[in-house]
Amino acid sequence: MTTVTSSELLSVVASRELVARRTVFAGIGLPTLATELAHLTVAPDIEVVYESGVCGAHPSHLPETIADAVLITGAEAVLSMPALFGCVLQGGHIDVGFLGAAQIDRHGNLNTSVIGDWDSPTVRLPGSGGGVEVMANSREVFVVMRRHTPRSFTGTLDFCTTPGPDRALAEGIRPLGIGVTRVITELGILARAGIGEELRLVAVQPGVTVGQVRAATGWDLSVADTVETVPPPTAEELRLLREDVDPERVYLR
Amino acid sequence: MTTVTSSELLSVVASRELVARRTVFAGIGLPTLATELAHLTVAPDIEVVYESGVCGAHPSHLPETIADAVLITGAEAVLSMPALFGCVLQGGHIDVGFLGAAQIDRHGNLNTSVIGDWDSPTVRLPGSGGGVEVMANSREVFVVMRRHTPRSFTGTLDFCTTPGPDRALAEGIRPLGIGVTRVITELGILARAGIGEELRLVAVQPGVTVGQVRAATGWDLSVADTVETVPPPTAEELRLLREDVDPERVYLR
Amino acid sequence: MATTDRADKTLSMREAIASFVHDGDTVCLEGFTHLIPTAAGHEIIRQGRRDLTVVRMTADIVVDQMIAAGCVSRLVSSFVGNSSAGSLGELRRRVETGDPMPLAFEEYSHYGMICRYLAGSQRLPFYPLRSYGGSDLPSVNSDLRKVTSPYPGPDGEPEQIYVVPPVNPDVTIIHAQRADRRGNTQIWGLTGIQAEAVYAADKAIVVVEEIVDDEVIRSDPNRTLVPAHAVDAVVACPRGAHPSFAQGYYDRDNAFYRAWSQISKDPQRLQEWLDEWVRGTADHAEYVDRLGDEFWAGLAVGEALSEPVNYGRRL
Amino acid sequence: MATTDRADKTLSMREAIASFVHDGDTVCLEGFTHLIPTAAGHEIIRQGRRDLTVVRMTADIVVDQMIAAGCVSRLVSSFVGNSSAGSLGELRRRVETGDPMPLAFEEYSHYGMICRYLAGSQRLPFYPLRSYGGSDLPSVNSDLRKVTSPYPGPDGEPEQIYVVPPVNPDVTIIHAQRADRRGNTQIWGLTGIQAEAVYAADKAIVVVEEIVDDEVIRSDPNRTLVPAHAVDAVVACPRGAHPSFAQGYYDRDNAFYRAWSQISKDPQRLQEWLDEWVRGTADHAEYVDRLGDEFWAGLAVGEALSEPVNYGRRL
């Protein structure tokens, strides 16, 4: 087997977590790769709903954005923004939402707005987009983080753009889902089963120790009783990913 | 000139009241005839928006309902119900709404629900339809009543389905428009200039006396200082109505 | 990237009604004058459902028939009339005299119903609308309530507005021109409130004039008003909207609308009509056959095709 | 019945911006990735408008350019980034360092913005949404407020929900594929929030790839997302959405998106870009010409036509 890149590893690991899921709200990049691979392996009935309003896409080329013209031509449905965010997402039709973030905390709350103070930030980040809504309205949320460092896995967010259900409930607002259930990184997989729980380390990538993951995490990371080692991508998974899903290596950097 | 029918009279009189109006929310029947005639005479820029969602209709035949297929084919736009009622009507894009009713009172409040008690009515009528919304959101409302009797022009409504702005304001709700400004009947025209005012008799049809209208009205009807006599339909108005607007006499009974 | 092969959801009308409509359910039938799901209502009558709450903006002929067949104990509606063609005899008897049994009725305006579907489809606890101020409707419908806006009104004072609660039917049934086998549904002409009614429901049945190849649907994704993920059953039932119409397929049967006011005025005649045309037919295909080719020729429409648009293809 | 001959609303881009965009106005530019009204933004820069409040869900390249040109004092948005291609250099400088002057920023989420348009278009005092519970956004945006539902929640207790206020821009500008001369506007592919943004505004400018005969529009009335009565000006401006795309007309210029992160990182280089491509062109036609035929050939798309539907004709 050739060397497995970081993108390939994260895509394969994320794809396996989609067993039996039916609807995924996903952006372009790793979530798309993971979902397409899952469709060919563990979740044949899975459907991606894109933030642009596309349902049942059949693109002729791998899309470069969530709104790529190739996603629209030949799609089964293209929805308006009110229908997508109101009826599909808030209406409760999404099983798994994929999100990324600059910072995540132990309960899976996310910051995508600023590093530093909101009023005079060190770095102004893009902000929520639909992230607040994906978290509030998906049954569960997967987070894929390319970097696992104490600055991104932080004890205290600089700003909470996208709250998980624990923060929402503390304010008396009842969310639909249970928030972040999986955080997938190059070091391992953190998981969380429901409201009130913290993220726990449940698996490490091959060659990574529990201590390394804890050291890369900015809070005192809980560890599951049994920490599995993530099985490396199989030859078949890599073949599908490289030959069928992204043959032009648009995302598989 | 041949004998003028009741439908012709009401259509012609109503059409003249549409001078300089641009958007009309109208049902099928007399309001359609009046608006089409106005388009050919006093209001060349007028547009009818139908309760079914059709804007800019160009029907091949005179429509028999507000949803007639001939209104859709060749129309400029067909809107969903939320867009029609939310954006167009409640959004404030309608100059004149046409309504009918079983009962009307001195302030232009309307009953289209029941004769008798709501809980065990003598007659169950169809109810509001979009009437409540047409009254609340049009800049002004024209009412065409085929029958002018003390039972339909009543001092006290059996039930107020569709309130004018005076009743709304008494409850602390601010409507967009000023409610009913014209009531057109076979006996004459009642008018009302704004909030707080009662309907007053401003014109009688040729051959009708002020006393006859007052006797046919179930409240003590105010009368304008000068009561005009409605000029009878002109030969040109009748020609347009009979030859161009409704040559098959679908509504001109 | 690969095609997603989600399930084929096609069922016969009999199967769909048997599977998704149960005694005591709240059933929404939508279609504003256009595409009224009459054939589905008839199958509910054939299967003898009881104690239904029917939700429908314009309660018209099919609702009068379902009431007369004893299926309906409660009606939620904003217009209870036979179009502009007259009255609904059975409905009026039930409300005016309680004969043969009373009908519970929740009265709204059209936009009130629309907002209930909007709230239901968007999972909102309420939906605000600028109606009902000064109306007697809130006095007979305690679900019409008020909220104070947290923003100052135009005069700087607190502003009150009426709200309606969501409606979330157990099942919504709509009629449409065409769908693929998985439920991607395309509607043109008057589109009404069908999409929101589907999204508001726990289950949804889409009845169509024709089931078409995936490629037809996918040639025009903007025409898909109801995506497959919101649909549980797809039923092919040509002419299933009669006596209403299906734009581009057949015209409205205005004569039957006028006739219904007479038929429904006489309870016995109404029951005989149901015996002959609904309970006496095995399914909608038999109803269509009995009406005969000459009848359907009278409702035939000609061709007025939309100009195609280009969705583009990457070169 | 007769045709209604309402006014011809076609204007040049210069006339439309001069007539409907004034210093100090609140200007909404919508188009979610698709059909971004870039050419209109450029003309606002050419005409030197000042002190605008710009409302746009995805504040991207055109907004960065308008900020750099000194047109914008306040931004209302839910995503301030250069797509997935990097950063908006000028916007970040303004927010992070206030250089050369600060930019007031109101931060929302996407659905928060959508609901502001919904409220604005429907003349509602607020719009409820199930977002923001537990977020820090309400602490920096006092327009995110709460309302208590007058209906009991699922547990029988009172239920609170966040609401957003309406947005009612002085003018909304959208780009679309085609319209007739009176403003009946047809859009396909991603349709975003354009219709609501138009209805929410006092005035609306629709910029189109092409103005077409009335018959084209009228062959498919369901495709008309914005009816003429909501439109004040129609501007023909082919390729006016570049570097974004127009489904069926030209593809997205992904290379320019990537380049913008570099151009905008250097304030001097950014100003030179504006001098050359915006302030140094008389209008969008000149901008298109300078890019050249070979460039446009690279964004050309092939044909994928929708299957026509039959609207029917009475026989």
# chains A, B, ... in the order shown; residues from 1 in each chain; ligands from 1
$ residues_around --residues "segment 196-205 of chain B" --least-positions-apart "3" --cutoff "10 Å" --atoms "only C-alpha atoms" --output "MDAnalysis selection string"
chainID B and resid 9 13 105:108 165:167 169 178 180:193 208:210 212:214 221:232
$ select_by_dssp --residues "segment 51-209 of chain A" --states "helix (DSSP H, G or I)" --output "PDB file with N, CA, C and O atoms, in the first residue's frame"
ATOM      1  N   ALA A  69     -21.592  24.584 -10.102  1.00  0.00           N
ATOM      2  CA  ALA A  69     -22.621  24.350 -11.129  1.00  0.00           C
ATOM      3  C   ALA A  69     -22.827  22.871 -11.414  1.00  0.00           C
ATOM      4  O   ALA A  69     -23.945  22.460 -11.751  1.00  0.00           O
ATOM      5  N   VAL A  70     -21.787  22.068 -11.263  1.00  0.00           N
ATOM      6  CA  VAL A  70     -21.950  20.632 -11.561  1.00  0.00           C
ATOM      7  C   VAL A  70     -22.812  19.924 -10.518  1.00  0.00           C
ATOM      8  O   VAL A  70     -23.294  18.816 -10.764  1.00  0.00           O
ATOM      9  N   LEU A  71     -22.977  20.543  -9.354  1.00  0.00           N
ATOM     10  CA  LEU A  71     -23.897  19.964  -8.368  1.00  0.00           C
ATOM     11  C   LEU A  71     -25.346  20.212  -8.746  1.00  0.00           C
ATOM     12  O   LEU A  71     -26.235  19.458  -8.347  1.00  0.00           O
ATOM     13  N   ILE A  72     -25.580  21.282  -9.465  1.00  0.00           N
ATOM     14  CA  ILE A  72     -26.957  21.677  -9.785  1.00  0.00           C
ATOM     15  C   ILE A  72     -27.469  20.904 -11.009  1.00  0.00           C
ATOM     16  O   ILE A  72     -28.561  20.332 -10.979  1.00  0.00           O
ATOM     17  N   MET A  81     -33.291  28.951  -0.060  1.00  0.00           N
ATOM     18  CA  MET A  81     -32.703  29.035   1.283  1.00  0.00           C
ATOM     19  C   MET A  81     -33.741  28.884   2.398  1.00  0.00           C
ATOM     20  O   MET A  81     -33.487  28.171   3.367  1.00  0.00           O
ATOM     21  N   PRO A  82     -34.907  29.543   2.295  1.00  0.00           N
ATOM     22  CA  PRO A  82     -35.892  29.333   3.369  1.00  0.00           C
ATOM     23  C   PRO A  82     -36.326  27.877   3.480  1.00  0.00           C
ATOM     24  O   PRO A  82     -36.495  27.362   4.585  1.00  0.00           O
ATOM     25  N   ALA A  83     -36.511  27.197   2.347  1.00  0.00           N
ATOM     26  CA  ALA A  83     -36.902  25.782   2.402  1.00  0.00           C
ATOM     27  C   ALA A  83     -35.779  24.944   2.982  1.00  0.00           C
ATOM     28  O   ALA A  83     -36.002  24.067   3.830  1.00  0.00           O
ATOM     29  N   LEU A  84     -34.549  25.201   2.562  1.00  0.00           N
ATOM     30  CA  LEU A  84     -33.423  24.395   3.036  1.00  0.00           C
ATOM     31  C   LEU A  84     -33.216  24.567   4.542  1.00  0.00           C
ATOM     32  O   LEU A  84     -33.185  23.592   5.295  1.00  0.00           O
ATOM     33  N   PHE A  85     -33.068  25.812   4.972  1.00  0.00           N
ATOM     34  CA  PHE A  85     -32.770  26.043   6.383  1.00  0.00           C
ATOM     35  C   PHE A  85     -33.998  25.876   7.263  1.00  0.00           C
ATOM     36  O   PHE A  85     -33.896  25.430   8.400  1.00  0.00           O
ATOM     37  N   GLY A  86     -35.165  26.256   6.735  1.00  0.00           N
ATOM     38  CA  GLY A  86     -36.382  26.179   7.543  1.00  0.00           C
ATOM     39  C   GLY A  86     -36.952  24.773   7.593  1.00  0.00           C
ATOM     40  O   GLY A  86     -37.091  24.179   8.665  1.00  0.00           O
ATOM     41  N   CYS A  87     -37.285  24.232   6.412  1.00  0.00           N
ATOM     42  CA  CYS A  87     -37.994  22.947   6.371  1.00  0.00           C
ATOM     43  C   CYS A  87     -37.047  21.761   6.544  1.00  0.00           C
ATOM     44  O   CYS A  87     -37.350  20.826   7.271  1.00  0.00           O
ATOM     45  N   VAL A  88     -35.920  21.769   5.833  1.00  0.00           N
ATOM     46  CA  VAL A  88     -35.056  20.584   5.859  1.00  0.00           C
ATOM     47  C   VAL A  88     -34.227  20.558   7.142  1.00  0.00           C
ATOM     48  O   VAL A  88     -34.258  19.575   7.886  1.00  0.00           O
ATOM     49  N   LEU A  89     -33.500  21.644   7.419  1.00  0.00           N
ATOM     50  CA  LEU A  89     -32.577  21.610   8.552  1.00  0.00           C
ATOM     51  C   LEU A  89     -33.330  21.810   9.874  1.00  0.00           C
ATOM     52  O   LEU A  89     -33.389  20.910  10.707  1.00  0.00           O
ATOM     53  N   GLN A  90     -33.966  22.978  10.049  1.00  0.00           N
ATOM     54  CA  GLN A  90     -34.695  23.211  11.303  1.00  0.00           C
ATOM     55  C   GLN A  90     -35.871  22.248  11.436  1.00  0.00           C
ATOM     56  O   GLN A  90     -36.254  21.874  12.546  1.00  0.00           O
ATOM     57  N   GLY A 131     -23.384  27.265  10.503  1.00  0.00           N
ATOM     58  CA  GLY A 131     -22.928  26.384  11.579  1.00  0.00           C
ATOM     59  C   GLY A 131     -23.847  26.362  12.788  1.00  0.00           C
ATOM     60  O   GLY A 131     -24.141  25.293  13.345  1.00  0.00           O
ATOM     61  N   VAL A 132     -24.313  27.536  13.210  1.00  0.00           N
ATOM     62  CA  VAL A 132     -25.215  27.594  14.372  1.00  0.00           C
ATOM     63  C   VAL A 132     -26.435  26.711  14.119  1.00  0.00           C
ATOM     64  O   VAL A 132     -26.880  25.961  15.003  1.00  0.00           O
ATOM     65  N   GLU A 133     -26.959  26.779  12.898  1.00  0.00           N
ATOM     66  CA  GLU A 133     -28.173  26.016  12.572  1.00  0.00           C
ATOM     67  C   GLU A 133     -27.891  24.517  12.434  1.00  0.00           C
ATOM     68  O   GLU A 133     -28.720  23.690  12.810  1.00  0.00           O
ATOM     69  N   VAL A 134     -26.743  24.171  11.866  1.00  0.00           N
ATOM     70  CA  VAL A 134     -26.403  22.755  11.737  1.00  0.00           C
ATOM     71  C   VAL A 134     -26.305  22.121  13.130  1.00  0.00           C
ATOM     72  O   VAL A 134     -26.842  21.034  13.375  1.00  0.00           O
ATOM     73  N   MET A 135     -25.661  22.817  14.041  1.00  0.00           N
ATOM     74  CA  MET A 135     -25.533  22.278  15.394  1.00  0.00           C
ATOM     75  C   MET A 135     -26.893  22.179  16.085  1.00  0.00           C
ATOM     76  O   MET A 135     -27.208  21.179  16.727  1.00  0.00           O
ATOM     77  N   ALA A 136     -27.713  23.219  15.960  1.00  0.00           N
ATOM     78  CA  ALA A 136     -28.978  23.255  16.697  1.00  0.00           C
ATOM     79  C   ALA A 136     -29.994  22.242  16.171  1.00  0.00           C
ATOM     80  O   ALA A 136     -30.874  21.811  16.913  1.00  0.00           O
ATOM     81  N   ASN A 137     -29.869  21.854  14.900  1.00  0.00           N
ATOM     82  CA  ASN A 137     -30.971  21.125  14.265  1.00  0.00           C
ATOM     83  C   ASN A 137     -30.630  19.747  13.706  1.00  0.00           C
ATOM     84  O   ASN A 137     -31.538  19.041  13.276  1.00  0.00           O
ATOM     85  N   PRO A 165     -25.715  21.532  22.705  1.00  0.00           N
ATOM     86  CA  PRO A 165     -26.986  21.514  23.443  1.00  0.00           C
ATOM     87  C   PRO A 165     -26.829  21.815  24.937  1.00  0.00           C
ATOM     88  O   PRO A 165     -27.775  22.320  25.548  1.00  0.00           O
ATOM     89  N   ASP A 166     -25.667  21.534  25.524  1.00  0.00           N
ATOM     90  CA  ASP A 166     -25.529  21.818  26.950  1.00  0.00           C
ATOM     91  C   ASP A 166     -25.638  23.311  27.224  1.00  0.00           C
ATOM     92  O   ASP A 166     -26.326  23.732  28.153  1.00  0.00           O
ATOM     93  N   ARG A 167     -24.953  24.074  26.408  1.00  0.00           N
ATOM     94  CA  ARG A 167     -25.044  25.534  26.567  1.00  0.00           C
ATOM     95  C   ARG A 167     -26.450  26.029  26.258  1.00  0.00           C
ATOM     96  O   ARG A 167     -26.972  26.933  26.912  1.00  0.00           O
ATOM     97  N   ALA A 168     -27.089  25.454  25.241  1.00  0.00           N
ATOM     98  CA  ALA A 168     -28.446  25.883  24.893  1.00  0.00           C
ATOM     99  C   ALA A 168     -29.415  25.601  26.036  1.00  0.00           C
ATOM    100  O   ALA A 168     -30.208  26.460  26.445  1.00  0.00           O
ATOM    101  N   LEU A 169     -29.328  24.387  26.591  1.00  0.00           N
ATOM    102  CA  LEU A 169     -30.234  24.014  27.688  1.00  0.00           C
ATOM    103  C   LEU A 169     -30.024  24.892  28.914  1.00  0.00           C
ATOM    104  O   LEU A 169     -30.975  25.215  29.623  1.00  0.00           O
ATOM    105  N   ALA A 170     -28.780  25.287  29.144  1.00  0.00           N
ATOM    106  CA  ALA A 170     -28.504  26.162  30.288  1.00  0.00           C
ATOM    107  C   ALA A 170     -29.242  27.481  30.148  1.00  0.00           C
ATOM    108  O   ALA A 170     -29.529  28.156  31.132  1.00  0.00           O
TER     109      ALA A 170
END
$ residues_around --residues "Val231 of chain D" --least-positions-apart "3" --cutoff "8 Å" --atoms "only C-alpha atoms" --output "ChimeraX atom specification"
/D:182-184,198,203-206,226-228,234
$ interface_residues --of "chain B" --to "chain D" --cutoff "8 Å" --atoms "only C-alpha atoms" --output "ChimeraX atom specification"
/B:36,39-40,44-47,55-56,58-62,69-70,72-79,86-88,90-93,244-246
$ interface_residues --of "chain D" --to "chain C" --cutoff "8 Å" --atoms "only C-alpha atoms" --output "PyMOL selection string"
chain D and resi 124-130+145-151+153+159+165+188-189+216+219-222+247-249+251+300-315
$ write_last_selection --atoms "N, CA and C atoms" --output "tab-separated table (two decimals), in the first residue's frame"
chain	number	residue	atom	x	y	z
D	124	LEU	N	-43.27	41.58	8.96
D	124	LEU	CA	-43.43	41.07	10.32
D	124	LEU	C	-42.51	41.82	11.27
D	125	PRO	N	-42.92	42.01	12.53
D	125	PRO	CA	-42.05	42.72	13.48
D	125	PRO	C	-40.85	41.88	13.92
D	126	PHE	N	-40.94	40.59	13.75
D	126	PHE	CA	-39.83	39.70	14.12
D	126	PHE	C	-40.06	38.35	13.44
D	127	TYR	N	-39.02	37.50	13.44
D	127	TYR	CA	-39.17	36.15	12.90
D	127	TYR	C	-38.48	35.19	13.87
D	128	PRO	N	-39.17	34.12	14.29
D	128	PRO	CA	-38.58	33.19	15.26
D	128	PRO	C	-37.71	32.13	14.58
D	129	LEU	N	-36.69	31.68	15.30
D	129	LEU	CA	-35.82	30.61	14.78
D	129	LEU	C	-35.17	29.86	15.94
D	130	ARG	N	-34.88	28.59	15.71
D	130	ARG	CA	-34.36	27.74	16.79
D	130	ARG	C	-32.83	27.77	16.83
D	145	ARG	N	-32.97	38.61	20.12
D	145	ARG	CA	-33.77	38.69	21.34
D	145	ARG	C	-34.65	37.45	21.47
D	146	LYS	N	-35.34	37.35	22.60
D	146	LYS	CA	-36.17	36.17	22.83
D	146	LYS	C	-37.63	36.52	23.03
D	147	VAL	N	-38.48	35.57	22.69
D	147	VAL	CA	-39.92	35.68	22.87
D	147	VAL	C	-40.37	34.40	23.56
D	148	THR	N	-41.37	34.52	24.39
D	148	THR	CA	-41.97	33.32	25.00
D	148	THR	C	-43.19	32.92	24.19
D	149	SER	N	-43.22	31.68	23.77
D	149	SER	CA	-44.36	31.19	23.00
D	149	SER	C	-45.62	31.18	23.86
D	150	PRO	N	-46.75	31.58	23.29
D	150	PRO	CA	-48.00	31.52	24.07
D	150	PRO	C	-48.61	30.12	24.11
D	151	TYR	N	-47.97	29.16	23.49
D	151	TYR	CA	-48.43	27.77	23.56
D	151	TYR	C	-47.47	26.98	24.43
D	153	GLY	N	-44.84	24.29	25.67
D	153	GLY	CA	-43.81	23.51	24.99
D	153	GLY	C	-44.07	22.03	25.10
D	159	GLU	N	-42.25	27.96	26.55
D	159	GLU	CA	-41.09	27.73	25.71
D	159	GLU	C	-40.57	29.07	25.19
D	165	PRO	N	-34.99	40.69	14.05
D	165	PRO	CA	-35.86	41.76	13.52
D	165	PRO	C	-35.87	41.74	11.99
D	188	TRP	N	-32.85	30.26	-12.30
D	188	TRP	CA	-32.78	28.81	-12.07
D	188	TRP	C	-31.40	28.43	-11.57
D	189	GLY	N	-31.30	27.16	-11.17
D	189	GLY	CA	-30.11	26.79	-10.39
D	189	GLY	C	-30.34	27.26	-8.96
D	216	VAL	N	-41.21	34.55	-23.76
D	216	VAL	CA	-40.31	33.59	-23.12
D	216	VAL	C	-40.68	33.45	-21.64
D	219	SER	N	-44.04	31.74	-21.10
D	219	SER	CA	-44.14	30.31	-21.41
D	219	SER	C	-43.93	29.46	-20.16
D	220	ASP	N	-43.44	30.07	-19.08
D	220	ASP	CA	-43.12	29.30	-17.87
D	220	ASP	C	-43.27	30.17	-16.62
D	221	PRO	N	-44.50	30.52	-16.28
D	221	PRO	CA	-44.70	31.48	-15.18
D	221	PRO	C	-44.20	31.00	-13.83
D	222	ASN	N	-44.08	29.67	-13.62
D	222	ASN	CA	-43.55	29.20	-12.35
D	222	ASN	C	-42.07	29.54	-12.18
D	247	GLN	N	-25.72	30.02	-13.80
D	247	GLN	CA	-26.04	28.65	-14.25
D	247	GLN	C	-26.54	28.66	-15.69
D	248	GLY	N	-25.84	27.92	-16.54
D	248	GLY	CA	-26.24	27.84	-17.94
D	248	GLY	C	-25.65	28.92	-18.82
D	249	TYR	N	-24.96	29.91	-18.22
D	249	TYR	CA	-24.39	31.01	-19.01
D	249	TYR	C	-22.86	31.01	-18.98
D	251	ASP	N	-19.29	29.72	-16.18
D	251	ASP	CA	-18.90	29.02	-14.96
D	251	ASP	C	-18.19	29.96	-13.99
D	300	ALA	N	-16.81	29.04	-20.48
D	300	ALA	CA	-18.02	28.67	-21.23
D	300	ALA	C	-18.58	27.34	-20.75
D	301	VAL	N	-19.88	27.19	-20.87
D	301	VAL	CA	-20.53	25.93	-20.48
D	301	VAL	C	-21.30	25.37	-21.66
D	302	GLY	N	-21.49	24.05	-21.62
D	302	GLY	CA	-22.26	23.38	-22.67
D	302	GLY	C	-23.74	23.37	-22.35
D	303	GLU	N	-24.46	22.54	-23.09
D	303	GLU	CA	-25.91	22.59	-23.02
D	303	GLU	C	-26.47	21.42	-22.20
D	304	ALA	N	-27.36	21.73	-21.30
D	304	ALA	CA	-28.13	20.70	-20.58
D	304	ALA	C	-29.52	21.28	-20.40
D	305	LEU	N	-30.38	21.05	-21.36
D	305	LEU	CA	-31.69	21.72	-21.38
D	305	LEU	C	-32.71	21.01	-20.51
D	306	SER	N	-33.54	21.80	-19.86
D	306	SER	CA	-34.66	21.22	-19.12
D	306	SER	C	-35.67	20.64	-20.10
D	307	GLU	N	-36.31	19.56	-19.68
D	307	GLU	CA	-37.43	19.02	-20.47
D	307	GLU	C	-38.60	20.00	-20.33
D	308	PRO	N	-39.22	20.37	-21.43
D	308	PRO	CA	-40.38	21.27	-21.30
D	308	PRO	C	-41.52	20.61	-20.53
D	309	VAL	N	-42.32	21.43	-19.88
D	309	VAL	CA	-43.57	20.92	-19.29
D	309	VAL	C	-44.73	21.55	-20.04
D	310	ASN	N	-45.85	20.90	-20.01
D	310	ASN	CA	-47.04	21.39	-20.70
D	310	ASN	C	-47.93	22.16	-19.72
D	311	TYR	N	-48.14	23.44	-19.99
D	311	TYR	CA	-49.08	24.23	-19.20
D	311	TYR	C	-50.52	24.06	-19.68
D	312	GLY	N	-50.66	23.53	-20.88
D	312	GLY	CA	-52.01	23.27	-21.38
D	312	GLY	C	-52.67	24.49	-21.98
D	313	ARG	N	-53.57	24.23	-22.89
D	313	ARG	CA	-54.29	25.29	-23.60
D	313	ARG	C	-55.73	24.83	-23.74
D	314	ARG	N	-56.67	25.71	-23.45
D	314	ARG	CA	-58.09	25.31	-23.55
D	314	ARG	C	-58.46	25.10	-25.01
D	315	LEU	N	-59.08	23.97	-25.27
D	315	LEU	CA	-59.39	23.63	-26.67
D	315	LEU	C	-60.74	24.21	-27.09
$ atom_distance --atom1 "atom CA of Ser6 of chain A" --atom2 "atom CA of Ile28 of chain A"
16.4 Å
$ atom_distance --atom1 "atom CA of Asp253 of chain C" --atom2 "atom CA of His110 of chain C"
23.9 Å
$ decode --residues "segment 64-77 of chain B" --atoms "N, CA and C atoms" --output "PDB file, in the first residue's frame"
ATOM      1  N   GLU B  64     -63.274  31.168 -15.152  1.00  0.00           N
ATOM      2  CA  GLU B  64     -64.490  30.860 -14.376  1.00  0.00           C
ATOM      3  C   GLU B  64     -64.224  30.810 -12.877  1.00  0.00           C
ATOM      4  N   THR B  65     -62.954  30.637 -12.489  1.00  0.00           N
ATOM      5  CA  THR B  65     -62.592  30.680 -11.070  1.00  0.00           C
ATOM      6  C   THR B  65     -61.271  31.434 -10.955  1.00  0.00           C
ATOM      7  N   ILE B  66     -60.891  31.775  -9.714  1.00  0.00           N
ATOM      8  CA  ILE B  66     -59.607  32.455  -9.513  1.00  0.00           C
ATOM      9  C   ILE B  66     -58.434  31.553  -9.829  1.00  0.00           C
ATOM     10  N   ALA B  67     -58.698  30.267 -10.019  1.00  0.00           N
ATOM     11  CA  ALA B  67     -57.636  29.306 -10.268  1.00  0.00           C
ATOM     12  C   ALA B  67     -57.779  28.661 -11.635  1.00  0.00           C
ATOM     13  N   ASP B  68     -58.616  29.235 -12.466  1.00  0.00           N
ATOM     14  CA  ASP B  68     -58.856  28.644 -13.790  1.00  0.00           C
ATOM     15  C   ASP B  68     -57.528  28.445 -14.531  1.00  0.00           C
ATOM     16  N   ALA B  69     -57.396  27.279 -15.175  1.00  0.00           N
ATOM     17  CA  ALA B  69     -56.161  26.961 -15.912  1.00  0.00           C
ATOM     18  C   ALA B  69     -55.801  28.036 -16.931  1.00  0.00           C
ATOM     19  N   VAL B  70     -56.783  28.717 -17.481  1.00  0.00           N
ATOM     20  CA  VAL B  70     -56.476  29.740 -18.493  1.00  0.00           C
ATOM     21  C   VAL B  70     -55.822  30.968 -17.876  1.00  0.00           C
ATOM     22  N   LEU B  71     -55.934  31.124 -16.554  1.00  0.00           N
ATOM     23  CA  LEU B  71     -55.215  32.221 -15.902  1.00  0.00           C
ATOM     24  C   LEU B  71     -53.733  31.903 -15.763  1.00  0.00           C
ATOM     25  N   ILE B  72     -53.410  30.622 -15.680  1.00  0.00           N
ATOM     26  CA  ILE B  72     -52.018  30.222 -15.431  1.00  0.00           C
ATOM     27  C   ILE B  72     -51.218  30.197 -16.722  1.00  0.00           C
ATOM     28  N   THR B  73     -51.751  29.527 -17.728  1.00  0.00           N
ATOM     29  CA  THR B  73     -51.042  29.447 -19.008  1.00  0.00           C
ATOM     30  C   THR B  73     -50.850  30.861 -19.558  1.00  0.00           C
ATOM     31  N   GLY B  74     -49.608  31.214 -19.803  1.00  0.00           N
ATOM     32  CA  GLY B  74     -49.328  32.533 -20.351  1.00  0.00           C
ATOM     33  C   GLY B  74     -49.247  33.652 -19.344  1.00  0.00           C
ATOM     34  N   ALA B  75     -49.353  33.331 -18.045  1.00  0.00           N
ATOM     35  CA  ALA B  75     -49.230  34.378 -17.023  1.00  0.00           C
ATOM     36  C   ALA B  75     -47.768  34.807 -16.892  1.00  0.00           C
ATOM     37  N   GLU B  76     -47.578  35.976 -16.271  1.00  0.00           N
ATOM     38  CA  GLU B  76     -46.213  36.459 -16.075  1.00  0.00           C
ATOM     39  C   GLU B  76     -45.555  35.807 -14.863  1.00  0.00           C
ATOM     40  N   ALA B  77     -46.349  35.456 -13.867  1.00  0.00           N
ATOM     41  CA  ALA B  77     -45.800  34.830 -12.662  1.00  0.00           C
ATOM     42  C   ALA B  77     -46.909  34.072 -11.946  1.00  0.00           C
TER      43      ALA B  77
END
